[in-house]
Amino acid sequence: MEATDRVRIAMQVNEASFEGEVEPRKTLADFLREDLGFTGIHLGCEHGVCGACSVLLNGAVVHSCILLAVQADGSQITTVEGLSKGDELHPMQRAFLEHHALQCGFCTPGMLLAAIDLLKHHANPTETQIREALSGNLCMCTGYVNIVRAVAAAAQSAPAQGIK
Amino acid sequence: MNSVQVVWKGKAVPLREDRRFVMGQGTYVGDLNPSRMLHVGILRSIHPHAKIVSIDTREALSVPGVVRVLTGEDAARLTRPLRPLVPLPTEVPNYCLA
């Protein structure tokens, strides 16, 4: 197979089915942004350091800029666009709003997904656990204090089943 | 005159723009897609310190889809030197770097 031969792939994104034809070298982030239009995924560093491209792949948080689209063939993806249900925000989104956990918003989608992944494993995390879980997500605006507060508040306020 | 006493000090003010940001609906430079938009790739020198004798761009220009190849010579021809933000010890004009 040549590097430019296209490969058919299919995946569920935010509970809807999508298909596409991609070059094997195309990253999952580029496929989701360019081919499917999920521009809530942000590309900061494009080498797995900044976390702005974080998505949930089969429920676990991953950096979509260092995965290939073909590797995600047949998987279930959740992006930031899939968090709210209509106008109703996800508890983590509400907590970020209420605690002013963002300024420019570029890192926010990745932060939200990493934080949601954390609460699935630790319903009542310590500050150390929150900071550890968000260590793969860089924010150049806030200094992290309000982000940590927001995640802690979401853990307190949201019923465990609300964090999906 | 109607006056309403509002105490702002110490209050958290909900921000108008935050809702779209937490929903992933912000628009950043990477999301812009005007018609006929071109993309740029930057090729940096593979030599940490060298004198540029010549740059042969013919092979790059022959790649399908390549519209233009710009080098430092083009930058010097098409742009003016940057205004120094701090006093520089030399008079060397400071052109934009890729």
# chains A, B, ... in the order shown; residues from 1 in each chain; ligands from 1
call {"tool": "closest_atom_pairs", "arguments": {"of": "chain A", "to": "chain B", "cutoff": "12 Å", "atoms": "only C-alpha atoms", "output": "Markdown table"}}
result
| residue | atom | partner | partner_atom | distance |
| --- | --- | --- | --- | --- |
| A:Asp30 | CA | B:Gly30 | CA | 11.3 |
| A:Arg33 | CA | B:Asp31 | CA | 8.7 |
| A:Glu34 | CA | B:Asp31 | CA | 9.3 |
| A:Gly37 | CA | B:Asp31 | CA | 9.6 |
| A:Phe38 | CA | B:Gly24 | CA | 8.5 |
| A:Thr39 | CA | B:Asp31 | CA | 6.6 |
| A:Gly40 | CA | B:Gly24 | CA | 4.0 |
| A:Ile41 | CA | B:Gly24 | CA | 7.3 |
| A:His42 | CA | B:Gly30 | CA | 8.2 |
| A:Leu43 | CA | B:Gly30 | CA | 8.0 |
| A:Gly44 | CA | B:Gly30 | CA | 9.6 |
| A:Ala52 | CA | B:Gly24 | CA | 11.0 |
| A:Cys53 | CA | B:Gly24 | CA | 11.2 |
| A:Ser54 | CA | B:Gly24 | CA | 11.9 |
| A:Val55 | CA | B:Gly24 | CA | 11.9 |
| A:Thr79 | CA | B:Gly24 | CA | 8.7 |
| A:Val80 | CA | B:Gly24 | CA | 5.7 |
| A:Glu81 | CA | B:Met23 | CA | 5.9 |
| A:Gly82 | CA | B:Met23 | CA | 8.5 |
| A:Leu83 | CA | B:Met23 | CA | 7.6 |
| A:Ser84 | CA | B:Met23 | CA | 7.2 |
| A:Lys85 | CA | B:Met23 | CA | 10.5 |
| A:Gly86 | CA | B:Met23 | CA | 10.5 |
| A:Asp87 | CA | B:Met23 | CA | 9.9 |
| A:Glu88 | CA | B:Met23 | CA | 10.5 |
| A:Leu89 | CA | B:Met23 | CA | 8.1 |
| A:His90 | CA | B:Met23 | CA | 9.4 |
| A:Pro91 | CA | B:Val22 | CA | 11.1 |
| A:Met92 | CA | B:Val22 | CA | 9.1 |
| A:Gln93 | CA | B:Val22 | CA | 5.7 |
| A:Arg94 | CA | B:Val22 | CA | 8.3 |
| A:Ala95 | CA | B:Val22 | CA | 10.0 |
| A:Phe96 | CA | B:Val22 | CA | 7.4 |
| A:Leu97 | CA | B:Asp18 | CA | 6.4 |
| A:Glu98 | CA | B:Pro14 | CA | 7.2 |
| A:His99 | CA | B:Ala12 | CA | 8.5 |
| A:His100 | CA | B:Pro14 | CA | 8.0 |
| A:Ala101 | CA | B:Asp18 | CA | 9.3 |
| A:Leu102 | CA | B:Asp18 | CA | 7.4 |
| A:Gln103 | CA | B:Asp18 | CA | 7.7 |
| A:Cys104 | CA | B:Phe21 | CA | 7.9 |
| A:Gly105 | CA | B:Phe21 | CA | 5.2 |
| A:Phe106 | CA | B:Phe21 | CA | 7.7 |
| A:Cys107 | CA | B:Phe21 | CA | 9.4 |
| A:Thr108 | CA | B:Val22 | CA | 6.3 |
| A:Pro109 | CA | B:Gly24 | CA | 6.1 |
| A:Gly110 | CA | B:Gly24 | CA | 9.6 |
| A:Met111 | CA | B:Val22 | CA | 9.7 |
| A:Leu112 | CA | B:Val22 | CA | 8.0 |
| A:Leu113 | CA | B:Val22 | CA | 10.7 |
call {"tool": "select_by_dssp", "arguments": {"residues": "chain A", "states": "strand (DSSP E or B)", "output": "ChimeraX atom specification"}}
result
/A:7-13,16-22,27,54-57,60-63,68,76-78,85,88
call {"tool": "select_by_dssp", "arguments": {"residues": "segment 17-49 of chain B", "states": "helix (DSSP H, G or I)", "output": "MDAnalysis selection string"}}
result
chainID B and resid 18:22 29:31
call {"tool": "residues_around", "arguments": {"residues": "segment 121-129 of chain A", "least_positions_apart": "2", "cutoff": "9 Å", "atoms": "only C-alpha atoms", "output": "ChimeraX atom specification"}}
result
/A:117-119,131-134,148-149,151-152,155-156,160,163
call {"tool": "atom_distance", "arguments": {"atom1": "atom CA of Ala60 of chain A", "atom2": "atom CA of Val145 of chain A"}}
result
24.3 Å
call {"tool": "closest_residue", "arguments": {"among": "A:Leu68, A:Ala153, A:Cys139, A:Val49", "to": "Leu32 of chain A", "atoms": "only C-alpha atoms"}}
result
A:Leu68
call {"tool": "residues_around", "arguments": {"residues": "Glu19 of chain A", "least_positions_apart": "2", "cutoff": "8 Å", "atoms": "only C-alpha atoms", "output": "PyMOL selection string"}}
result
chain A and resi 8-11+17+21
call {"tool": "atom_distance", "arguments": {"atom1": "atom CA of Leu138 of chain A", "atom2": "atom CA of Cys50 of chain A"}}
result
4.9 Å
